[in-house]
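File shown here: data10.txt, holding compact mmCIF, C-alpha atoms and all ligand atoms.
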```
# COMPACT_ATOMS: atom_id res chain seq x y z
CA LEU A 1 31.18 8.45 28.54
CA ILE A 2 27.58 9.36 27.72
CA ASN A 3 26.44 7.57 24.56
CA LEU A 4 25.79 10.67 22.44
CA SER A 5 24.31 8.67 19.56
CA ALA A 6 21.68 7.24 21.97
CA LEU A 7 20.97 10.73 23.25
CA TYR A 8 20.55 11.97 19.64
CA SER A 9 18.31 9.03 18.77
CA ASN A 10 16.14 9.55 21.87
CA TYR A 11 15.71 13.18 20.90
CA ILE A 12 14.55 12.12 17.41
CA ASP A 13 12.05 9.78 19.05
CA SER A 14 10.74 12.55 21.29
CA LEU A 15 9.82 14.58 18.17
CA LYS A 16 7.79 11.78 16.59
CA GLU A 17 4.03 11.77 16.85
CA THR A 18 2.61 8.56 18.22
CA LYS A 19 -0.26 7.44 16.04
CA GLU A 20 -2.85 4.76 16.71
CA ARG A 21 -2.70 2.44 13.73
CA ASP A 22 -4.93 -0.35 12.56
CA PRO A 23 -2.52 -3.33 12.56
CA TYR A 24 -4.20 -4.71 9.42
CA ARG A 25 -3.84 -1.57 7.35
CA LEU A 26 -1.97 -2.02 4.07
CA PHE A 27 0.15 0.70 2.51
CA ILE A 28 1.15 1.61 -1.02
CA SER A 29 4.75 1.12 0.13
CA ASP A 30 3.90 -2.59 0.66
CA VAL A 31 3.18 -3.08 -3.05
CA GLY A 32 6.00 -5.09 -4.61
CA LYS A 33 7.39 -6.31 -1.29
CA CYS A 34 7.56 -10.00 -0.46
CA PRO A 35 3.93 -10.87 0.42
CA ARG A 36 5.07 -13.26 3.14
CA GLN A 37 7.06 -10.44 4.74
CA VAL A 38 3.97 -8.19 4.71
CA GLY A 39 2.04 -11.07 6.29
CA TYR A 40 4.51 -11.29 9.16
CA ARG A 41 4.11 -7.59 9.83
CA LEU A 42 0.32 -7.86 9.82
CA ILE A 43 0.27 -10.66 12.38
CA GLY A 44 2.81 -8.81 14.52
CA ALA A 45 5.42 -11.61 14.34
CA ASP A 46 8.64 -10.92 16.25
CA LYS A 47 11.33 -9.23 14.18
CA ASN A 48 14.90 -10.57 14.13
CA TYR A 49 17.04 -9.51 17.05
CA VAL A 50 19.15 -6.40 16.42
CA SER A 51 21.43 -4.72 18.89
CA GLU A 52 20.42 -1.47 20.54
CA GLN A 53 23.24 0.36 18.78
CA THR A 54 22.03 -0.89 15.38
CA LEU A 55 18.55 0.44 16.18
CA ILE A 56 20.07 3.80 17.14
CA ASN A 57 22.07 3.89 13.89
CA LYS A 58 18.98 3.06 11.84
CA ASN A 59 16.99 5.77 13.58
CA ILE A 60 19.66 8.36 12.83
CA MET A 61 19.94 7.26 9.18
CA PHE A 62 16.18 7.56 8.82
CA GLU A 63 16.31 11.07 10.22
CA VAL A 64 19.13 12.02 7.79
CA ALA A 65 16.99 10.74 4.90
CA LEU A 66 14.02 12.83 6.09
CA HIS A 67 16.20 15.90 6.30
CA MET A 68 17.41 15.39 2.72
CA GLU A 69 13.86 14.98 1.55
CA GLU A 70 12.92 18.29 3.17
CA MET A 71 15.87 20.00 1.48
CA MET A 72 14.70 18.56 -1.85
CA MET A 73 11.24 19.93 -1.13
CA SER A 74 12.69 23.41 -0.55
CA ALA A 75 14.77 23.16 -3.74
CA LEU A 76 11.71 22.23 -5.84
CA GLU A 77 9.67 24.96 -4.17
CA ARG A 78 12.33 27.56 -4.87
CA GLU A 79 12.19 26.65 -8.57
CA GLY A 80 8.39 26.98 -8.48
CA ILE A 81 7.88 23.39 -9.68
CA LEU A 82 6.65 21.73 -6.46
CA ILE A 83 3.00 20.68 -6.56
CA ALA A 84 2.68 18.38 -3.53
CA PHE A 85 4.93 17.10 -0.74
CA GLN A 86 4.23 14.26 1.68
CA GLU A 87 0.54 14.11 0.76
CA ASP A 88 -1.79 11.32 1.76
CA VAL A 89 -3.00 9.31 -1.21
CA GLU A 90 -6.54 7.99 -1.28
CA VAL A 91 -6.83 4.37 -2.36
CA TYR A 92 -10.44 4.91 -3.36
CA ASP A 93 -11.29 1.44 -4.65
CA ARG A 94 -9.96 -0.77 -1.79
CA GLU A 95 -10.75 -1.16 1.89
CA ASN A 96 -8.26 -0.12 4.56
CA TRP A 97 -5.35 0.95 2.36
CA GLY A 98 -3.32 4.13 2.67
CA GLY A 99 -0.21 5.81 1.42
CA ARG A 100 1.76 8.99 1.44
CA LEU A 101 3.68 10.13 -1.61
CA ASP A 102 7.02 11.96 -1.54
CA PHE A 103 6.51 14.58 -4.25
CA VAL A 104 4.42 15.62 -7.19
CA ALA A 105 6.44 18.11 -9.21
CA ASP A 106 6.65 19.55 -12.69
CA VAL A 107 9.90 17.94 -13.78
CA GLU A 108 9.47 18.15 -17.56
CA GLY A 109 5.79 17.33 -17.03
CA ILE A 110 3.74 16.93 -13.85
CA ARG A 111 4.66 13.61 -12.27
CA VAL A 112 5.15 11.59 -9.12
CA VAL A 113 8.72 11.80 -7.83
CA GLU A 114 9.69 9.12 -5.30
CA PHE A 115 12.91 10.21 -3.66
CA LYS A 116 15.08 7.34 -2.44
CA THR A 117 18.13 7.81 -0.27
CA VAL A 118 20.48 4.84 -0.25
CA ALA A 119 23.61 4.09 1.83
CA SER A 120 26.85 4.38 -0.18
CA GLY A 121 27.75 0.70 0.20
CA ALA A 122 24.28 -0.42 -0.92
CA PHE A 123 24.00 2.05 -3.79
CA ARG A 124 24.59 -0.37 -6.67
CA HIS A 125 22.18 -2.92 -5.17
CA GLY A 126 19.71 -0.16 -4.29
CA LEU A 127 19.06 0.34 -7.99
CA ASP A 128 17.88 -3.28 -8.16
CA TYR A 129 15.21 -2.87 -5.48
CA PRO A 130 12.16 -3.80 -7.50
CA HIS A 131 9.57 -2.72 -4.95
CA TYR A 132 10.58 0.94 -5.27
CA ARG A 133 9.42 0.83 -8.87
CA LYS A 134 6.14 -0.86 -7.99
CA GLN A 135 5.59 1.67 -5.24
CA SER A 136 5.97 4.64 -7.60
CA MET A 137 3.75 2.92 -10.19
CA THR A 138 1.04 2.62 -7.52
CA TYR A 139 1.28 6.28 -6.48
CA ASP A 140 1.08 7.18 -10.14
CA MET A 141 -2.04 5.06 -10.61
CA TYR A 142 -3.91 6.68 -7.71
CA CYS A 143 -2.69 10.25 -8.35
CA ARG A 144 -3.14 10.43 -12.12
CA ASP A 145 -6.54 12.11 -12.04
CA VAL A 146 -6.09 13.91 -8.72
CA TYR A 147 -3.06 15.90 -9.92
CA GLY A 148 -3.57 15.67 -13.70
CA LEU A 149 -0.26 13.85 -14.13
CA GLU A 150 1.41 14.37 -17.50
CA ALA A 151 4.58 12.25 -17.28
CA VAL A 152 5.65 8.84 -15.95
CA PRO A 153 6.95 8.58 -12.35
CA LEU A 154 10.53 9.56 -11.66
CA LEU A 155 12.70 7.64 -9.23
CA PRO A 156 15.86 9.48 -8.16
CA PHE A 157 18.35 7.51 -6.05
CA PHE A 158 20.43 9.72 -3.80
CA ASP A 159 23.55 8.40 -2.07
CA ARG A 160 23.29 9.68 1.51
CA GLY A 161 26.97 8.95 2.04
CA GLY A 162 27.97 11.28 -0.81
CA THR A 163 30.09 8.72 -2.70
CA ASN A 164 28.00 7.94 -5.79
CA THR A 165 26.46 10.24 -8.39
CA TRP A 166 22.65 10.44 -8.28
CA GLN A 167 20.82 8.05 -10.55
CA TYR A 168 17.41 8.63 -12.09
CA GLU A 169 14.95 6.23 -13.51
CA GLU A 170 11.69 6.83 -15.33
CA VAL A 171 9.25 4.07 -14.44
CA GLN A 172 6.70 2.83 -16.96
CA PRO A 173 3.24 2.43 -15.38
CA ASP A 174 1.53 -0.97 -15.47
CA ASP A 175 -1.89 -0.72 -13.81
CA HIS A 176 -2.71 -4.35 -14.49
CA LEU A 177 0.39 -5.57 -12.65
CA ILE A 178 -0.23 -3.22 -9.72
CA ALA A 179 -3.85 -4.35 -9.37
CA SER A 180 -2.73 -7.99 -9.24
CA LEU A 181 -0.05 -7.24 -6.60
CA MET A 182 -2.63 -5.39 -4.50
CA ASP A 183 -5.07 -8.31 -4.86
CA GLU A 184 -2.31 -10.60 -3.60
CA LEU A 185 -1.76 -8.41 -0.54
CA ASP A 186 -5.51 -8.24 0.12
CA ALA A 187 -5.47 -12.05 0.18
CA VAL A 188 -2.44 -12.06 2.54
CA ARG A 189 -4.38 -9.79 4.88
CA VAL A 190 -7.30 -12.21 4.96
CA ASP A 191 -4.82 -14.99 5.87
CA ALA A 192 -3.21 -12.79 8.52
CA GLN A 193 -6.60 -12.06 10.08
CA ASN A 194 -6.97 -15.82 10.39
CA ASP A 195 -3.48 -16.02 11.92
CA MET A 196 -1.88 -17.68 8.90
CA VAL A 197 1.06 -16.56 6.79
CA ILE A 198 0.95 -18.99 3.94
CA SER A 199 2.36 -16.95 1.07
CA PRO A 200 5.23 -18.73 -0.63
CA LYS A 201 8.81 -17.77 0.14
CA LEU A 202 10.48 -15.64 -2.52
CA PRO A 203 12.05 -17.83 -5.20
CA LYS A 204 15.78 -17.63 -5.92
CA LYS A 205 16.78 -15.75 -9.06
CA LEU A 206 19.66 -15.71 -11.49
CA PHE A 207 21.91 -12.65 -11.25
CA LYS A 208 25.08 -11.54 -13.03
CA ARG A 209 27.69 -11.03 -10.33
CA SER A 210 31.43 -10.27 -10.00
CA TYR A 211 31.36 -7.59 -12.71
CA GLU A 212 29.22 -9.77 -15.00
CA LYS A 213 31.67 -12.65 -14.84
CA GLN A 214 29.47 -15.07 -12.91
CA LEU A 215 25.87 -16.26 -13.26
CA VAL A 216 24.75 -16.83 -9.70
CA TYR A 217 21.49 -18.40 -8.59
CA GLU A 218 20.66 -16.85 -5.23
CA PRO A 219 17.84 -15.57 -3.04
CA PRO A 220 16.58 -12.06 -3.89
CA TRP A 221 18.00 -9.15 -1.87
CA ASP A 222 14.77 -8.90 0.16
CA CYS A 223 15.56 -12.11 2.04
CA GLY A 224 18.98 -10.81 3.07
CA TRP A 225 17.43 -7.67 4.55
CA CYS A 226 14.17 -9.09 5.79
CA ASP A 227 13.31 -8.28 9.41
CA TRP A 228 11.55 -11.66 9.69
CA SER A 229 14.14 -13.97 8.08
CA ASP A 230 14.65 -15.80 11.42
CA GLU A 231 10.96 -16.65 11.40
CA CYS A 232 10.82 -17.49 7.70
CA ASN A 233 14.15 -19.31 7.51
CA PRO A 234 14.75 -18.92 3.75
CA ASP A 235 17.42 -20.91 1.94
CA MET A 236 20.23 -18.34 1.60
CA GLY A 237 22.56 -20.63 -0.34
CA LYS A 238 24.11 -19.38 -3.60
CA SER A 239 25.26 -21.46 -6.58
CA VAL A 240 27.46 -20.31 -9.44
CA TRP A 241 25.99 -21.84 -12.60
CA ALA A 242 28.31 -20.33 -15.22
CA GLU A 243 31.45 -18.23 -15.45
CA ARG A 244 33.49 -16.30 -18.00
CA LYS A 245 36.85 -14.53 -17.97
CA ASP A 246 35.43 -11.16 -18.94
CA SER A 247 32.13 -9.73 -20.06
CA ARG A 248 32.94 -10.21 -23.79
CA GLU A 249 33.79 -13.92 -23.46
CA PRO A 250 31.18 -16.71 -23.80
CA TRP A 251 29.84 -18.39 -20.67
CA THR A 252 31.21 -21.78 -19.58
CA VAL A 253 29.61 -24.26 -17.20
CA LYS A 254 31.76 -26.52 -15.05
CA LYS A 255 29.31 -29.37 -14.57
CA ALA A 256 26.64 -30.91 -16.80
CA ALA A 257 24.25 -30.59 -13.84
CA ASP A 258 24.65 -26.80 -13.92
CA ARG A 259 23.79 -26.74 -17.63
CA GLU A 260 20.64 -28.70 -16.83
CA LEU A 261 19.71 -26.28 -14.05
CA LEU A 262 20.24 -23.35 -16.41
CA MET A 263 18.02 -24.96 -19.07
CA LYS A 264 15.29 -25.65 -16.51
CA TRP A 265 15.48 -22.08 -15.24
CA ALA A 266 15.31 -20.62 -18.77
CA THR A 267 12.32 -22.81 -19.71
CA LYS A 268 10.42 -21.72 -16.59
CA GLU A 269 11.24 -18.06 -17.25
CA LEU A 270 10.02 -18.39 -20.85
CA GLU A 271 6.72 -19.81 -19.62
CA ASN A 272 6.18 -16.60 -17.65
CA ILE A 273 6.72 -14.32 -20.63
CA HIS A 274 3.39 -13.31 -22.19
CA GLU A 275 3.36 -11.83 -25.65
S1 LIG B 301 12.98 -14.05 4.36
FE1 LIG B 301 12.57 -13.68 2.20
S2 LIG B 301 10.83 -15.03 1.66
FE2 LIG B 301 10.96 -14.91 3.91
S3 LIG B 301 9.53 -13.30 4.47
FE3 LIG B 301 11.54 -12.39 4.29
S4 LIG B 301 11.69 -11.65 2.19
FE4 LIG B 301 9.98 -13.08 2.28
```
If you convert what's in this file into structure tokens, what do you get?
Amino acid sequence: LINLSALYSNYIDSLKETKERDPYRLFISDVGKCPRQVGYRLIGADKNYVSEQTLINKNIMFEVALHMEEMMMSALEREGILIAFQEDVEVYDRENWGGRLDFVADVEGIRVVEFKTVASGAFRHGLDYPHYRKQSMTYDMYCRDVYGLEAVPLLPFFDRGGTNTWQYEEVQPDDHLIASLMDELDAVRVDAQNDMVISPKLPKKLFKRSYEKQLVYEPPWDCGWCDWSDECNPDMGKSVWAERKDSREPWTVKKAADRELLMKWATKELENIHE
């Protein structure tokens, strides 16, 4: 039989414009991503192997997401509250940066709206993706004066599988944080131009798992989905440091060593909290 999904995917490809791109260009969508990962992209490192069918599936999913975004655009336009859609954003104070926002709309105040479509199975984790927040904070920072923004950025998460109810989040801007993340990426680019990717691997973090019944120390989600994890070879091991029977019970640790690890982790976290 003809592979109809391949035929569909090839058709999608035929509609795409091929653009010449500077390989060292940075994008607002890079802000908040693992800097090492961005470095791998800049030096053109080989991505992990994925099967042809997986590539086809990804292509089709991407196309579905674009279609939903266009429908959202029409819905906002129909209500008379759309101000901008898919507009280039000028990063006026840095060299060789670019970006394209999803929407600016008057949703109880003029604001940036970054529309995220997430697969049903990944929906709960999708809400944890920190770089989406940083991305919308960056668009907000560079669009504030251009569009006369009146409200904080809005981040709607839309389940493209139709299983979960939409979630919305209002993101609080933090220009200082964004400037430091962009500085970090500027430094990564200098390293990449010298053929080095020396940014540290992402550290493991402590998460509540199994319906808040386990405290698990594990790599951040980025590593699990990173296109360059074969190259980077992160430690994907997980350790359960504490458990409880249900979310109202106190935590218990099985080994004294786990208590020590928890204490060390908490002390380090406290050091990073600035008043
Ligand atoms: S595997 Fe993890 S640490 Fe390594 S580049 Fe990817 S996201 Fe970064």
Original post:
When the cut-off is 6 Å and you count all atoms listed in the file, which residues lie near ligand LIG 301 (chain B), shown as JSON, numbers by chain?
Top reply: {"A": [34, 36, 37, 201, 202, 222, 223, 226, 228, 229, 232, 234]}
Please build the interface table for segment 4-47 of chain A against segment 132-143 of chain A with a cut-off of 12 Å, listing for each qualifying residue the nearest atom pair and the distance in Å to one decimal; count only C-alpha atoms, order rows by chain and increasing number, and write it as JSON lines.
```
{"residue": "A:Phe27", "atom": "CA", "partner": "A:Gln135", "partner_atom": "CA", "distance": 9.5}
{"residue": "A:Ile28", "atom": "CA", "partner": "A:Gln135", "partner_atom": "CA", "distance": 6.1}
{"residue": "A:Ser29", "atom": "CA", "partner": "A:Gln135", "partner_atom": "CA", "distance": 5.5}
{"residue": "A:Asp30", "atom": "CA", "partner": "A:Gln135", "partner_atom": "CA", "distance": 7.5}
{"residue": "A:Val31", "atom": "CA", "partner": "A:Gln135", "partner_atom": "CA", "distance": 5.8}
{"residue": "A:Gly32", "atom": "CA", "partner": "A:Lys134", "partner_atom": "CA", "distance": 5.4}
{"residue": "A:Lys33", "atom": "CA", "partner": "A:Lys134", "partner_atom": "CA", "distance": 8.7}
{"residue": "A:Cys34", "atom": "CA", "partner": "A:Lys134", "partner_atom": "CA", "distance": 11.9}
```
Take the residues that were just selected and, keeping C-alpha atoms, output them as a PDB file, in the coordinates of the input.
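So the final result, stored in out.pdb, reads:
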```
ATOM      1  CA  PHE A  27       0.150   0.700   2.510  1.00  0.00           C
ATOM      2  CA  ILE A  28       1.150   1.610  -1.020  1.00  0.00           C
ATOM      3  CA  SER A  29       4.750   1.120   0.130  1.00  0.00           C
ATOM      4  CA  ASP A  30       3.900  -2.590   0.660  1.00  0.00           C
ATOM      5  CA  VAL A  31       3.180  -3.080  -3.050  1.00  0.00           C
ATOM      6  CA  GLY A  32       6.000  -5.090  -4.610  1.00  0.00           C
ATOM      7  CA  LYS A  33       7.390  -6.310  -1.290  1.00  0.00           C
ATOM      8  CA  CYS A  34       7.560 -10.000  -0.460  1.00  0.00           C
TER       9      CYS A  34
END
```
**OP:** In Å, rounded to a single decimal, give me how far atom CA of Val38 of chain A is from atom CA of Asp195 of chain A.
**Re:**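 Separation between atom CA of Asp195 of chain A and atom CA of Val38 of chain A: 13.0 Å.
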Subject >> Point-to-point distance in Å for atom CA of Val64 of chain A and atom CA of Asp227 of chain A >> reply: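 So the answer is 21.2 Å.
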Subject >> Ile43 of chain A surroundings by all atoms listed in the file, 7 Å radius, close-in-sequence under 2 positions cut, as a ChimeraX atom specification >> reply: /A:39-41,45,192,195
**OP:** Write out as JSON, numbers by chain which residues come within 12 Å of segment 1-11 of chain A when counting all atoms listed in the file, dropping same-chain ones fewer than 3 positions away.
**Re:** {"A": [14, 15, 16, 52, 53, 54, 55, 56, 57, 58, 59, 60, 61, 62, 63, 64]}
C-alpha atoms of the current selection, written as a CSV table (one decimal), in the coordinates of the input:
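Generated output (part-v6.csv):
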```csv
chain,number,residue,atom,x,y,z
A,14,SER,CA,10.7,12.6,21.3
A,15,LEU,CA,9.8,14.6,18.2
A,16,LYS,CA,7.8,11.8,16.6
A,52,GLU,CA,20.4,-1.5,20.5
A,53,GLN,CA,23.2,0.4,18.8
A,54,THR,CA,22.0,-0.9,15.4
A,55,LEU,CA,18.6,0.4,16.2
A,56,ILE,CA,20.1,3.8,17.1
A,57,ASN,CA,22.1,3.9,13.9
A,58,LYS,CA,19.0,3.1,11.8
A,59,ASN,CA,17.0,5.8,13.6
A,60,ILE,CA,19.7,8.4,12.8
A,61,MET,CA,19.9,7.3,9.2
A,62,PHE,CA,16.2,7.6,8.8
A,63,GLU,CA,16.3,11.1,10.2
A,64,VAL,CA,19.1,12.0,7.8
```
Neighbourhood query: residues within 7 Å of (22.4, 7.2, -0.5), file coordinates, counting all atoms listed in the file; return as a PDB file with C-alpha atoms, keeping the file's coordinate frame.
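Listed below is the output, point02.pdb:
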```
ATOM      1  CA  THR A 117      18.130   7.810  -0.270  1.00  0.00           C
ATOM      2  CA  VAL A 118      20.480   4.840  -0.250  1.00  0.00           C
ATOM      3  CA  ALA A 119      23.610   4.090   1.830  1.00  0.00           C
ATOM      4  CA  SER A 120      26.850   4.380  -0.180  1.00  0.00           C
ATOM      5  CA  PHE A 123      24.000   2.050  -3.790  1.00  0.00           C
ATOM      6  CA  PHE A 157      18.350   7.510  -6.050  1.00  0.00           C
ATOM      7  CA  PHE A 158      20.430   9.720  -3.800  1.00  0.00           C
ATOM      8  CA  ASP A 159      23.550   8.400  -2.070  1.00  0.00           C
ATOM      9  CA  ARG A 160      23.290   9.680   1.510  1.00  0.00           C
ATOM     10  CA  GLY A 161      26.970   8.950   2.040  1.00  0.00           C
ATOM     11  CA  GLY A 162      27.970  11.280  -0.810  1.00  0.00           C
TER      12      GLY A 162
END
```
**OP:** Could you check which of A:Glu212, A:Met182, A:Ser74, A:Leu26 is closest to Pro250 of chain A, using only C-alpha atoms?
**Re:**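 Residue with the minimum atom-to-atom distance to Pro250 of chain A: A:Glu212.
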Subject >> Glu184 of chain A surroundings by only C-alpha atoms, 8 Å radius, close-in-sequence under 4 positions cut, as a list in words >> reply: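 Near Glu184 of chain A, the qualifying residues are Pro35, Ser180 and Val188 of chain A.
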**OP:** Counting all atoms listed in the file, note down every residue that has an atom within 12 Å of the point (-2.0, 14.4, 1.4) (file coordinates), as a list in words.
**Re:** Ile83, Ala84, Phe85, Gln86, Glu87, Asp88, Val89, Glu90, Val91, Gly98, Gly99, Arg100, Leu101, Asp102, Phe103, Val104, Tyr139, Cys143, Val146 and Tyr147 of chain A
Would you fill out segment 73-92 of chain A with N, CA, C and O atoms and return it as a PDB file, in the coordinates of the input?
```
ATOM      1  N   MET A  73      12.520  19.220  -1.056  1.00  0.00           N
ATOM      2  CA  MET A  73      11.240  19.930  -1.130  1.00  0.00           C
ATOM      3  C   MET A  73      11.491  21.434  -1.292  1.00  0.00           C
ATOM      4  O   MET A  73      10.925  22.083  -2.154  1.00  0.00           O
ATOM      5  N   SER A  74      12.414  21.975  -0.483  1.00  0.00           N
ATOM      6  CA  SER A  74      12.690  23.410  -0.550  1.00  0.00           C
ATOM      7  C   SER A  74      13.293  23.775  -1.909  1.00  0.00           C
ATOM      8  O   SER A  74      12.987  24.833  -2.470  1.00  0.00           O
ATOM      9  N   ALA A  75      14.137  22.877  -2.440  1.00  0.00           N
ATOM     10  CA  ALA A  75      14.770  23.160  -3.740  1.00  0.00           C
ATOM     11  C   ALA A  75      13.718  23.203  -4.850  1.00  0.00           C
ATOM     12  O   ALA A  75      13.744  24.093  -5.714  1.00  0.00           O
ATOM     13  N   LEU A  76      12.769  22.258  -4.808  1.00  0.00           N
ATOM     14  CA  LEU A  76      11.710  22.230  -5.840  1.00  0.00           C
ATOM     15  C   LEU A  76      10.802  23.450  -5.694  1.00  0.00           C
ATOM     16  O   LEU A  76      10.381  24.053  -6.683  1.00  0.00           O
ATOM     17  N   GLU A  77      10.547  23.813  -4.442  1.00  0.00           N
ATOM     18  CA  GLU A  77       9.670  24.960  -4.170  1.00  0.00           C
ATOM     19  C   GLU A  77      10.311  26.249  -4.690  1.00  0.00           C
ATOM     20  O   GLU A  77       9.661  27.083  -5.301  1.00  0.00           O
ATOM     21  N   ARG A  78      11.601  26.355  -4.452  1.00  0.00           N
ATOM     22  CA  ARG A  78      12.330  27.560  -4.870  1.00  0.00           C
ATOM     23  C   ARG A  78      12.276  27.735  -6.395  1.00  0.00           C
ATOM     24  O   ARG A  78      12.240  28.844  -6.910  1.00  0.00           O
ATOM     25  N   GLU A  79      12.274  26.593  -7.112  1.00  0.00           N
ATOM     26  CA  GLU A  79      12.190  26.650  -8.570  1.00  0.00           C
ATOM     27  C   GLU A  79      10.760  26.863  -9.061  1.00  0.00           C
ATOM     28  O   GLU A  79      10.518  26.991 -10.258  1.00  0.00           O
ATOM     29  N   GLY A  80       9.804  26.810  -8.121  1.00  0.00           N
ATOM     30  CA  GLY A  80       8.390  26.980  -8.480  1.00  0.00           C
ATOM     31  C   GLY A  80       7.814  25.768  -9.190  1.00  0.00           C
ATOM     32  O   GLY A  80       6.845  25.886  -9.939  1.00  0.00           O
ATOM     33  N   ILE A  81       8.391  24.563  -8.968  1.00  0.00           N
ATOM     34  CA  ILE A  81       7.880  23.390  -9.680  1.00  0.00           C
ATOM     35  C   ILE A  81       7.295  22.334  -8.730  1.00  0.00           C
ATOM     36  O   ILE A  81       6.929  21.259  -9.158  1.00  0.00           O
ATOM     37  N   LEU A  82       7.223  22.687  -7.434  1.00  0.00           N
ATOM     38  CA  LEU A  82       6.650  21.730  -6.460  1.00  0.00           C
ATOM     39  C   LEU A  82       5.130  21.833  -6.473  1.00  0.00           C
ATOM     40  O   LEU A  82       4.580  22.926  -6.395  1.00  0.00           O
ATOM     41  N   ILE A  83       4.462  20.693  -6.570  1.00  0.00           N
ATOM     42  CA  ILE A  83       3.000  20.680  -6.560  1.00  0.00           C
ATOM     43  C   ILE A  83       2.474  20.067  -5.261  1.00  0.00           C
ATOM     44  O   ILE A  83       1.512  20.548  -4.677  1.00  0.00           O
ATOM     45  N   ALA A  84       3.113  19.010  -4.798  1.00  0.00           N
ATOM     46  CA  ALA A  84       2.680  18.380  -3.530  1.00  0.00           C
ATOM     47  C   ALA A  84       3.877  17.742  -2.857  1.00  0.00           C
ATOM     48  O   ALA A  84       4.803  17.271  -3.523  1.00  0.00           O
ATOM     49  N   PHE A  85       3.852  17.716  -1.517  1.00  0.00           N
ATOM     50  CA  PHE A  85       4.930  17.100  -0.740  1.00  0.00           C
ATOM     51  C   PHE A  85       4.311  16.339   0.412  1.00  0.00           C
ATOM     52  O   PHE A  85       3.470  16.884   1.133  1.00  0.00           O
ATOM     53  N   GLN A  86       4.696  15.085   0.561  1.00  0.00           N
ATOM     54  CA  GLN A  86       4.230  14.260   1.680  1.00  0.00           C
ATOM     55  C   GLN A  86       2.708  14.300   1.818  1.00  0.00           C
ATOM     56  O   GLN A  86       2.192  14.547   2.915  1.00  0.00           O
ATOM     57  N   GLU A  87       2.015  14.088   0.712  1.00  0.00           N
ATOM     58  CA  GLU A  87       0.540  14.110   0.760  1.00  0.00           C
ATOM     59  C   GLU A  87      -0.020  12.710   0.894  1.00  0.00           C
ATOM     60  O   GLU A  87       0.507  11.772   0.286  1.00  0.00           O
ATOM     61  N   ASP A  88      -1.094  12.605   1.676  1.00  0.00           N
ATOM     62  CA  ASP A  88      -1.790  11.320   1.760  1.00  0.00           C
ATOM     63  C   ASP A  88      -2.437  11.003   0.420  1.00  0.00           C
ATOM     64  O   ASP A  88      -2.939  11.909  -0.249  1.00  0.00           O
ATOM     65  N   VAL A  89      -2.416   9.734   0.059  1.00  0.00           N
ATOM     66  CA  VAL A  89      -3.000   9.310  -1.210  1.00  0.00           C
ATOM     67  C   VAL A  89      -4.216   8.442  -0.900  1.00  0.00           C
ATOM     68  O   VAL A  89      -4.134   7.527  -0.078  1.00  0.00           O
ATOM     69  N   GLU A  90      -5.314   8.764  -1.545  1.00  0.00           N
ATOM     70  CA  GLU A  90      -6.540   7.990  -1.280  1.00  0.00           C
ATOM     71  C   GLU A  90      -6.596   6.767  -2.193  1.00  0.00           C
ATOM     72  O   GLU A  90      -6.547   6.889  -3.425  1.00  0.00           O
ATOM     73  N   VAL A  91      -6.664   5.603  -1.573  1.00  0.00           N
ATOM     74  CA  VAL A  91      -6.830   4.370  -2.360  1.00  0.00           C
ATOM     75  C   VAL A  91      -8.331   4.125  -2.392  1.00  0.00           C
ATOM     76  O   VAL A  91      -8.893   3.445  -1.540  1.00  0.00           O
ATOM     77  N   TYR A  92      -8.980   4.776  -3.382  1.00  0.00           N
ATOM     78  CA  TYR A  92     -10.440   4.910  -3.360  1.00  0.00           C
ATOM     79  C   TYR A  92     -11.200   3.630  -3.667  1.00  0.00           C
ATOM     80  O   TYR A  92     -12.380   3.524  -3.369  1.00  0.00           O
TER      81      TYR A  92
END
```
